[in-house]
>>> print(open('upload_28.tsv').read())   # TSV, C-alpha atoms
chain	number	residue	atom	x	y	z
C	1	MET	CA	-15.94	-4.92	22.24
C	2	THR	CA	-14.20	-8.24	21.74
C	3	LEU	CA	-15.00	-11.07	19.39
C	4	ARG	CA	-12.89	-13.60	21.31
C	5	THR	CA	-14.32	-16.24	23.58
C	6	PRO	CA	-13.65	-15.99	27.34
C	7	LEU	CA	-11.58	-19.20	27.19
C	8	GLY	CA	-9.58	-17.88	24.23
C	9	ARG	CA	-8.81	-14.71	26.16
C	10	VAL	CA	-7.67	-16.66	29.21
C	11	LEU	CA	-5.42	-18.93	27.15
C	12	GLY	CA	-4.14	-15.98	25.14
C	13	THR	CA	-4.36	-17.74	21.77
C	14	GLY	CA	-7.01	-18.49	19.19
C	15	SER	CA	-7.67	-21.92	17.77
C	16	ALA	CA	-5.04	-21.30	15.10
C	17	LYS	CA	-2.31	-20.56	17.71
C	18	GLU	CA	0.08	-18.56	15.51
C	19	GLY	CA	-2.56	-17.59	12.94
C	20	PRO	CA	-3.32	-14.07	14.19
C	21	ALA	CA	0.36	-13.05	14.05
C	22	THR	CA	0.32	-12.41	10.28
C	23	TRP	CA	-3.02	-10.62	10.45
C	24	ARG	CA	-1.72	-8.47	13.31
C	25	ALA	CA	1.57	-7.72	11.51
C	26	GLU	CA	-0.43	-6.38	8.54
C	27	ARG	CA	-2.30	-3.98	10.88
C	28	VAL	CA	0.77	-2.90	12.83
C	29	SER	CA	2.74	-2.19	9.64
C	30	SER	CA	-0.25	-0.24	8.26
C	31	VAL	CA	-0.27	1.99	11.38
C	32	ALA	CA	3.48	2.66	10.92
C	33	LEU	CA	2.90	3.50	7.25
C	34	ILE	CA	0.44	6.32	8.02
C	35	PRO	CA	3.08	8.81	9.30
C	36	LEU	CA	5.88	7.44	7.07
C	37	THR	CA	3.98	7.80	3.77
C	38	LEU	CA	2.51	11.20	4.71
C	39	TRP	CA	6.02	12.41	5.62
C	40	PHE	CA	7.33	11.21	2.24
C	41	VAL	CA	4.57	12.95	0.22
C	42	ALA	CA	4.89	16.19	2.22
C	43	ALA	CA	8.71	16.15	2.02
C	44	LEU	CA	8.71	15.72	-1.78
C	45	LEU	CA	6.12	18.51	-2.17
C	46	ALA	CA	8.19	20.82	0.06
C	47	LEU	CA	11.37	20.41	-2.02
C	48	PRO	CA	12.23	23.40	-4.22
C	49	GLY	CA	12.61	21.04	-7.20
C	50	LEU	CA	12.86	17.37	-8.09
C	51	ASP	CA	16.16	17.53	-9.99
C	52	TYR	CA	19.04	15.17	-9.21
C	53	ALA	CA	21.15	17.50	-7.01
C	54	THR	CA	18.18	18.65	-4.89
C	55	VAL	CA	16.73	15.18	-4.30
C	56	ARG	CA	20.11	13.59	-3.61
C	57	GLY	CA	21.07	16.38	-1.20
C	58	TRP	CA	17.74	15.96	0.57
C	59	LEU	CA	18.09	12.17	0.95
C	60	ALA	CA	21.70	12.54	2.17
C	61	GLN	CA	20.40	14.31	5.31
C	62	PRO	CA	20.48	11.85	8.27
C	63	TRP	CA	16.81	12.14	9.28
C	64	ASN	CA	15.58	11.89	5.71
C	65	GLY	CA	17.76	8.83	5.07
C	66	LEU	CA	16.53	7.13	8.24
C	67	LEU	CA	12.85	7.83	7.50
C	68	ALA	CA	13.26	6.71	3.86
C	69	LEU	CA	14.87	3.45	5.06
C	70	MET	CA	11.97	2.82	7.41
C	71	LEU	CA	9.44	3.74	4.74
C	72	VAL	CA	10.87	1.27	2.21
C	73	ALA	CA	11.33	-1.49	4.79
C	74	VAL	CA	7.82	-1.26	6.25
C	75	MET	CA	6.16	-0.69	2.87
C	76	THR	CA	7.88	-3.72	1.34
C	77	TYR	CA	6.85	-5.84	4.33
C	78	HIS	CA	3.23	-4.61	4.18
C	79	ALA	CA	3.03	-5.16	0.39
C	80	TYR	CA	4.48	-8.65	0.88
C	81	LEU	CA	1.85	-9.52	3.50
C	82	GLY	CA	-0.97	-8.18	1.30
C	83	SER	CA	0.26	-9.98	-1.82
C	84	ARG	CA	0.52	-13.19	0.19
C	85	VAL	CA	-3.15	-12.98	1.22
C	86	ILE	CA	-4.16	-12.51	-2.42
C	87	VAL	CA	-2.17	-15.57	-3.53
C	88	GLU	CA	-3.61	-17.61	-0.65
C	89	ASP	CA	-7.13	-16.51	-1.64
C	90	TYR	CA	-6.99	-17.24	-5.36
C	91	VAL	CA	-4.34	-19.95	-5.92
C	92	HIS	CA	-5.89	-23.17	-4.67
C	93	ARG	CA	-3.59	-25.97	-5.85
C	94	ALA	CA	-0.70	-26.75	-3.51
C	95	ALA	CA	2.26	-26.71	-5.92
C	96	PRO	CA	1.47	-23.42	-7.75
C	97	LYS	CA	0.58	-21.84	-4.41
C	98	LEU	CA	3.92	-22.83	-2.87
C	99	ALA	CA	5.78	-21.62	-5.99
C	100	ALA	CA	3.93	-18.28	-6.00
C	101	LEU	CA	4.51	-17.71	-2.28
C	102	LEU	CA	8.23	-18.47	-2.62
C	103	LEU	CA	8.49	-16.20	-5.66
C	104	LEU	CA	6.74	-13.38	-3.76
C	105	ARG	CA	9.08	-13.74	-0.81
C	106	PHE	CA	12.21	-13.68	-2.97
C	107	ALA	CA	10.96	-10.84	-5.18
C	108	TYR	CA	10.05	-8.58	-2.24
C	109	ALA	CA	13.32	-9.40	-0.44
C	110	ALA	CA	15.30	-8.47	-3.58
C	111	LEU	CA	13.26	-5.32	-4.19
C	112	GLY	CA	13.43	-4.09	-0.60
C	113	GLY	CA	17.07	-5.10	-0.20
C	114	ALA	CA	18.17	-3.28	-3.35
C	115	SER	CA	16.30	-0.10	-2.35
C	116	LEU	CA	17.65	-0.12	1.21
C	117	PHE	CA	21.17	-0.56	-0.19
C	118	ALA	CA	20.59	2.37	-2.59
C	119	ILE	CA	19.39	4.65	0.24
C	120	LEU	CA	22.32	3.61	2.46
C	121	ARG	CA	24.79	4.38	-0.34
C	122	ILE	CA	23.33	7.89	-0.64
C	123	ALA	CA	23.23	8.35	3.16
C	124	PHE	CA	26.89	7.36	3.53
C	125	GLY	CA	27.90	9.51	0.56
C	126	SER	CA	29.23	6.84	-1.80
C	127	SER	CA	30.52	8.42	-4.98
C	128	THR	CA	28.53	7.81	-8.14
C	129	PRO	CA	30.12	5.79	-10.94
P	1	MET	CA	-28.03	-39.63	-9.27
P	2	PRO	CA	-25.56	-36.73	-9.41
P	3	ALA	CA	-25.52	-34.41	-6.41
P	4	ARG	CA	-27.62	-31.31	-6.86
P	5	ILE	CA	-25.46	-28.32	-7.76
P	6	ARG	CA	-26.12	-25.68	-5.15
P	7	PRO	CA	-24.90	-22.08	-5.30
P	8	LEU	CA	-21.71	-21.49	-3.35
P	9	SER	CA	-21.28	-18.80	-0.73
P	10	PRO	CA	-21.26	-15.76	-1.04
P	11	HIS	CA	-23.87	-16.23	-3.83
P	12	LEU	CA	-22.24	-13.66	-6.09
P	13	GLU	CA	-24.93	-14.02	-8.77
P	14	ILE	CA	-27.69	-12.86	-6.42
P	15	TYR	CA	-25.60	-10.50	-4.28
P	16	ARG	CA	-26.88	-6.95	-4.61
P	17	TRP	CA	-24.08	-4.60	-5.62
P	18	GLN	CA	-23.59	-1.89	-2.99
P	19	ILE	CA	-21.01	0.51	-1.61
P	20	GLY	CA	-19.65	-1.90	1.02
P	21	ASN	CA	-18.51	-4.64	-1.34
P	22	THR	CA	-17.44	-2.12	-4.00
P	23	LEU	CA	-15.10	-0.36	-1.58
P	24	SER	CA	-13.80	-3.69	-0.29
P	25	ILE	CA	-12.91	-4.77	-3.84
P	26	LEU	CA	-11.42	-1.33	-4.50
P	27	HIS	CA	-9.26	-1.70	-1.36
P	28	ARG	CA	-7.71	-4.89	-2.70
P	29	LEU	CA	-7.33	-3.47	-6.23
P	30	SER	CA	-5.65	-0.31	-4.92
P	31	GLY	CA	-3.34	-2.51	-2.84
P	32	VAL	CA	-2.30	-4.45	-5.95
P	33	ALA	CA	-1.75	-1.16	-7.82
P	34	LEU	CA	0.35	0.16	-4.92
P	35	ALA	CA	2.49	-3.00	-4.95
P	36	ALA	CA	3.31	-2.12	-8.58
P	37	GLY	CA	3.89	1.47	-7.42
P	38	LEU	CA	6.37	0.17	-4.85
P	39	VAL	CA	8.42	-1.31	-7.71
P	40	ALA	CA	8.44	2.15	-9.36
P	41	LEU	CA	9.38	3.83	-6.06
P	42	CYS	CA	12.28	1.39	-5.57
P	43	TYR	CA	13.41	1.98	-9.15
P	44	TRP	CA	13.39	5.72	-8.40
P	45	PHE	CA	15.55	5.30	-5.25
P	46	ILE	CA	17.97	2.97	-7.06
P	47	SER	CA	18.28	5.36	-10.04
P	48	LEU	CA	19.03	8.18	-7.59
P	49	ALA	CA	21.88	6.16	-6.05
P	50	ALA	CA	23.21	5.09	-9.47
P	51	GLY	CA	24.04	8.62	-10.59
P	52	GLU	CA	22.74	11.62	-12.47
P	53	ALA	CA	22.34	9.95	-15.89
P	54	SER	CA	20.17	7.11	-14.56
P	55	TYR	CA	18.11	9.51	-12.39
P	56	ARG	CA	17.46	11.71	-15.43
P	57	ALA	CA	16.33	8.66	-17.42
P	58	ALA	CA	13.94	7.63	-14.61
P	59	ALA	CA	12.60	11.18	-14.17
P	60	HIS	CA	12.12	11.45	-17.94
P	61	GLY	CA	10.01	8.28	-17.88
P	62	PHE	CA	7.87	9.50	-14.97
P	63	ALA	CA	7.38	12.93	-16.60
P	64	GLY	CA	6.06	11.46	-19.88
P	65	PRO	CA	2.30	11.18	-20.52
P	66	PHE	CA	2.16	7.47	-19.60
P	67	GLY	CA	4.36	8.05	-16.56
P	68	ARG	CA	2.17	10.88	-15.32
P	69	LEU	CA	-0.98	8.84	-15.85
P	70	LEU	CA	0.54	6.09	-13.69
P	71	LEU	CA	1.65	8.59	-11.02
P	72	VAL	CA	-1.82	10.18	-10.80
P	73	GLY	CA	-3.33	6.68	-10.56
P	74	TRP	CA	-0.89	5.70	-7.80
P	75	THR	CA	-1.60	8.94	-5.94
P	76	PHE	CA	-5.33	8.16	-5.90
P	77	ALA	CA	-4.71	4.50	-5.03
P	78	PHE	CA	-2.44	5.60	-2.17
P	79	PHE	CA	-4.89	8.07	-0.62
P	80	TYR	CA	-7.83	5.69	-1.06
P	81	HIS	CA	-5.93	2.75	0.47
P	82	LEU	CA	-4.79	5.03	3.32
P	83	LEU	CA	-8.27	6.38	4.15
P	84	ASN	CA	-10.04	3.05	3.68
P	85	GLY	CA	-7.26	1.40	5.69
P	86	VAL	CA	-8.06	3.74	8.59
P	87	ARG	CA	-11.69	2.62	8.22
P	88	HIS	CA	-10.57	-1.00	8.53
P	89	LEU	CA	-8.43	-0.18	11.58
P	90	ALA	CA	-11.48	1.47	13.19
P	91	TRP	CA	-13.53	-1.68	12.54
P	92	ASP	CA	-10.70	-3.79	14.01
P	93	VAL	CA	-11.15	-1.99	17.34
P	94	GLY	CA	-14.95	-2.27	17.06
P	95	LEU	CA	-15.86	1.24	15.90
P	96	GLY	CA	-18.06	2.42	13.02
P	97	PHE	CA	-20.06	-0.74	12.29
P	98	GLU	CA	-23.46	1.02	12.12
P	99	ARG	CA	-25.05	1.37	8.71
P	100	ARG	CA	-24.84	5.17	8.67
P	101	ALA	CA	-21.22	5.26	9.92
P	102	ARG	CA	-20.19	2.67	7.29
P	103	HIS	CA	-21.75	4.64	4.46
P	104	VAL	CA	-20.49	8.05	5.57
P	105	SER	CA	-16.92	6.81	6.17
P	106	GLY	CA	-16.97	4.93	2.85
P	107	TRP	CA	-17.93	7.99	0.84
P	108	LEU	CA	-15.43	10.06	2.87
P	109	ALA	CA	-12.67	7.64	1.80
P	110	VAL	CA	-13.63	7.97	-1.89
P	111	PHE	CA	-14.09	11.75	-1.96
P	112	GLY	CA	-11.22	12.34	0.45
P	113	ALA	CA	-8.89	10.39	-1.85
P	114	ALA	CA	-10.13	12.36	-4.89
P	115	ALA	CA	-9.64	15.67	-3.02
P	116	ALA	CA	-6.15	14.74	-1.77
P	117	THR	CA	-5.10	13.59	-5.26
P	118	SER	CA	-6.36	16.88	-6.75
P	119	ALA	CA	-4.54	18.86	-4.04
P	120	VAL	CA	-1.19	17.09	-4.60
P	121	TRP	CA	-1.32	17.42	-8.39
P	122	GLY	CA	-2.65	20.96	-8.14
P	123	LEU	CA	0.38	21.89	-6.02
P	124	LEU	CA	2.74	20.16	-8.45
P	125	TRP	CA	1.06	21.89	-11.39
P	126	HIS	CA	1.11	25.26	-9.62
P	127	PHE	CA	4.83	25.13	-8.89
P	128	ALA	CA	5.61	23.28	-12.18
P	129	ARG	CA	7.91	20.87	-10.44
P	130	LEU	CA	7.49	18.00	-12.86
>>> encode(input="upload_28.tsv", output="C-alpha cells")
Amino acid sequence: MTLRTPLGRVLGTGSAKEGPATWRAERVSSVALIPLTLWFVAALLALPGLDYATVRGWLAQPWNGLLALMLVAVMTYHAYLGSRVIVEDYVHRAAPKLAALLLLRFAYAALGGASLFAILRIAFGSSTP
Amino acid sequence: MPARIRPLSPHLEIYRWQIGNTLSILHRLSGVALAAGLVALCYWFISLAAGEASYRAAAHGFAGPFGRLLLVGWTFAFFYHLLNGVRHLAWDVGLGFERRARHVSGWLAVFGAAAATSAVWGLLWHFARL
C-alpha cells in the first residue's frame, strides 16, 4: 500500500522536497533503538551487581563500549527529533520557536557529546581523578 | 459584523474520548518522559567515568524512594514507547489499520508494557541488585 501519488513516485520526492527526510530519520533511528535498548536492559539485568567496579569493568569491554556509544548517539538523536516536533507543534511565534529549536539542538549536542566522551574515557581506560 | 467563531479542527470539545487518541497522547507523553530519562542515563554514564565517589553519589540518588519511583516510571514509559512505536512502524508500512487490529495492538502495548515493567523490577527485587 502506498499513499504517494504516481507522479510523486516517479519524481522521487513529495511536494515538500526535503520534508520527509526528518520524518524518515525518526523512524530509522527508532528501528535502530529496538535492539540497542533491549541489549542495554538485558545486559544490566545480567550483571552480577550494579556496583562501581562491576559496571565499569563491564563497560570497559570493547563490544559493550561500542554498543553503549551507539545507544547514546542514536537515542540522543531520536530524542532530539521528537523534541523538535513537539516544539514545532506547540510554539507558534517565530522568535520563541527559533530560540527553542536552537536551545534544543545545543542541549542535546552537549548532553550526547558529554556522554560519548565519558564512555570513550572508560573504553580507553583513562584513570579516574 | 464580526466573523462567526467556528470550532477549530479537530473539535476537541466534541471529540469522543477513546483508546486511539489516549494512546497517541500517551506516546508523546512517554517520549517527553524518556527525554528526561535520557538526561538521567547520561548523568549515570558521566558519573561512572568520573570515578567511584561520583558513581556512588549517583547510585545513592537512584536507589532512594524518589529515584526508584522515577526509574519505575521510566521503565514503563520505555516499554510503552517501544511497543507503541512498533505499532506506529507497522502503520507506516500499511499494516494493522483495521478497527480490531488497532484495538488489540493498543491494549497489547499497554498491558505488555505493564508486564515488562513488572518483570524487570521483579527480577531486580528478586536478586536485590538495587
>>> residues_near_point(input="upload_28.tsv", point="(2.4, 21.0, -10.0)", cutoff="12 Å", atoms="all atoms listed in the file", output="PyMOL selection string")
(chain C and resi 44-46+48-50) or (chain P and resi 63+68+72+117-130)
>>> residues_near_point(input="upload_28.tsv", point="(7.9, -11.5, 1.5)", cutoff="10 Å", atoms="all atoms listed in the file", output="list of chain:residue names")
C:Thr76, C:Tyr77, C:His78, C:Ala79, C:Tyr80, C:Leu81, C:Gly82, C:Ser83, C:Arg84, C:Leu101, C:Leu102, C:Leu103, C:Leu104, C:Arg105, C:Phe106, C:Ala107, C:Tyr108, C:Ala109, C:Ala110, C:Leu111, C:Gly112
>>> interface_residues(input="upload_28.tsv", of="chain P", to="chain C", cutoff="6 Å", atoms="only C-alpha atoms", output="PDB file with C-alpha atoms, keeping the file's coordinate frame")
ATOM      1  CA  ALA P  35       2.490  -3.000  -4.950  1.00  0.00           C
ATOM      2  CA  CYS P  42      12.280   1.390  -5.570  1.00  0.00           C
ATOM      3  CA  ILE P  46      17.970   2.970  -7.060  1.00  0.00           C
ATOM      4  CA  ALA P  49      21.880   6.160  -6.050  1.00  0.00           C
ATOM      5  CA  GLY P  51      24.040   8.620 -10.590  1.00  0.00           C
ATOM      6  CA  GLY P  94     -14.950  -2.270  17.060  1.00  0.00           C
ATOM      7  CA  ARG P 129       7.910  20.870 -10.440  1.00  0.00           C
TER       8      ARG P 129
END
>>> atom_distance(input="upload_28.tsv", atom1="atom CA of Gly73 of chain P", atom2="atom CA of Gly96 of chain P")
28.1 Å
>>> axis_aligned_box(input="upload_28.tsv", around="segment 123-128 of chain P", padding_each_side="8 Å", output="lines of an AutoDock Vina configuration file")
center_x = 3.0
center_y = 22.7
center_z = -9.1
size_x = 21.2
size_y = 21.1
size_z = 22.2
>>> atom_distance(input="upload_28.tsv", atom1="atom CA of Ile19 of chain P", atom2="atom CA of Gly112 of chain P")
15.5 Å
>>> closest_residue(input="upload_28.tsv", among="P:Phe97, P:Trp107, P:Trp91, P:Phe76", to="Leu29 of chain P", atoms="all atoms listed in the file")
P:Phe76
>>> atom_distance(input="upload_28.tsv", atom1="atom CA of Glu88 of chain C", atom2="atom CA of Ala33 of chain P")
18.0 Å
>>> build_atoms(input="upload_28.tsv", residues="segment 40-51 of chain P", atoms="all heavy atoms", output="CSV table (one decimal), in the frame of the given file")
chain,number,residue,atom,x,y,z
P,40,ALA,N,8.0,0.9,-8.7
P,40,ALA,CA,8.4,2.2,-9.4
P,40,ALA,C,9.2,3.0,-8.4
P,40,ALA,O,10.2,3.7,-8.7
P,40,ALA,CB,7.2,2.9,-9.9
P,41,LEU,N,8.7,3.0,-7.1
P,41,LEU,CA,9.4,3.8,-6.1
P,41,LEU,C,10.8,3.3,-5.8
P,41,LEU,O,11.8,4.1,-5.7
P,41,LEU,CB,8.6,3.8,-4.8
P,41,LEU,CG,9.1,4.5,-3.6
P,41,LEU,CD1,9.0,6.0,-3.8
P,41,LEU,CD2,8.4,4.1,-2.3
P,42,CYS,N,11.0,2.0,-5.8
P,42,CYS,CA,12.3,1.4,-5.6
P,42,CYS,C,13.2,1.7,-6.7
P,42,CYS,O,14.4,2.0,-6.6
P,42,CYS,CB,12.1,-0.1,-5.3
P,42,CYS,SG,11.4,-0.5,-3.8
P,43,TYR,N,12.6,1.6,-8.0
P,43,TYR,CA,13.4,2.0,-9.2
P,43,TYR,C,13.9,3.4,-9.1
P,43,TYR,O,15.1,3.7,-9.4
P,43,TYR,CB,12.5,1.8,-10.4
P,43,TYR,CG,13.0,2.4,-11.7
P,43,TYR,CD1,14.3,2.1,-12.2
P,43,TYR,CD2,12.3,3.4,-12.3
P,43,TYR,CE1,14.7,2.7,-13.4
P,43,TYR,CE2,12.7,4.0,-13.5
P,43,TYR,CZ,13.9,3.7,-14.0
P,43,TYR,OH,14.4,4.3,-15.1
P,44,TRP,N,13.0,4.3,-8.6
P,44,TRP,CA,13.4,5.7,-8.4
P,44,TRP,C,14.5,5.9,-7.4
P,44,TRP,O,15.5,6.6,-7.7
P,44,TRP,CB,12.1,6.5,-7.9
P,44,TRP,CG,12.3,8.0,-7.8
P,44,TRP,CD1,12.3,8.9,-8.9
P,44,TRP,CD2,12.4,8.7,-6.6
P,44,TRP,NE1,12.4,10.2,-8.4
P,44,TRP,CE2,12.5,10.1,-7.0
P,44,TRP,CE3,12.5,8.4,-5.3
P,44,TRP,CZ2,12.6,11.1,-6.1
P,44,TRP,CZ3,12.6,9.4,-4.3
P,44,TRP,CH2,12.7,10.8,-4.7
P,45,PHE,N,14.5,5.2,-6.3
P,45,PHE,CA,15.6,5.3,-5.2
P,45,PHE,C,16.9,4.7,-5.8
P,45,PHE,O,17.9,5.3,-5.6
P,45,PHE,CB,15.2,4.5,-4.0
P,45,PHE,CG,14.3,5.3,-3.0
P,45,PHE,CD1,13.1,4.8,-2.6
P,45,PHE,CD2,14.8,6.5,-2.5
P,45,PHE,CE1,12.4,5.5,-1.7
P,45,PHE,CE2,14.1,7.2,-1.5
P,45,PHE,CZ,12.8,6.7,-1.1
P,46,ILE,N,16.8,3.6,-6.5
P,46,ILE,CA,18.0,3.0,-7.1
P,46,ILE,C,18.6,3.8,-8.1
P,46,ILE,O,19.8,4.0,-8.2
P,46,ILE,CB,17.6,1.5,-7.6
P,46,ILE,CG1,17.3,0.6,-6.4
P,46,ILE,CG2,18.8,0.9,-8.4
P,46,ILE,CD1,16.5,-0.6,-6.8
P,47,SER,N,17.8,4.5,-9.0
P,47,SER,CA,18.3,5.4,-10.0
P,47,SER,C,19.0,6.6,-9.4
P,47,SER,O,20.0,7.1,-9.9
P,47,SER,CB,17.2,5.8,-11.0
P,47,SER,OG,16.4,6.8,-10.4
P,48,LEU,N,18.4,7.0,-8.3
P,48,LEU,CA,19.0,8.2,-7.6
P,48,LEU,C,20.4,7.8,-7.1
P,48,LEU,O,21.4,8.6,-7.1
P,48,LEU,CB,18.1,8.6,-6.4
P,48,LEU,CG,18.5,9.9,-5.7
P,48,LEU,CD1,18.4,11.1,-6.6
P,48,LEU,CD2,17.7,10.1,-4.5
P,49,ALA,N,20.6,6.6,-6.6
P,49,ALA,CA,21.9,6.2,-6.0
P,49,ALA,C,22.9,5.9,-7.2
P,49,ALA,O,24.1,6.0,-7.0
P,49,ALA,CB,21.7,4.9,-5.2
P,50,ALA,N,22.3,5.5,-8.4
P,50,ALA,CA,23.2,5.1,-9.5
P,50,ALA,C,23.8,6.3,-10.2
P,50,ALA,O,24.7,6.0,-11.1
P,50,ALA,CB,22.4,4.2,-10.4
P,51,GLY,N,23.4,7.5,-9.9
P,51,GLY,CA,24.0,8.6,-10.6
P,51,GLY,C,23.1,9.5,-11.4
P,51,GLY,O,21.9,9.1,-11.6
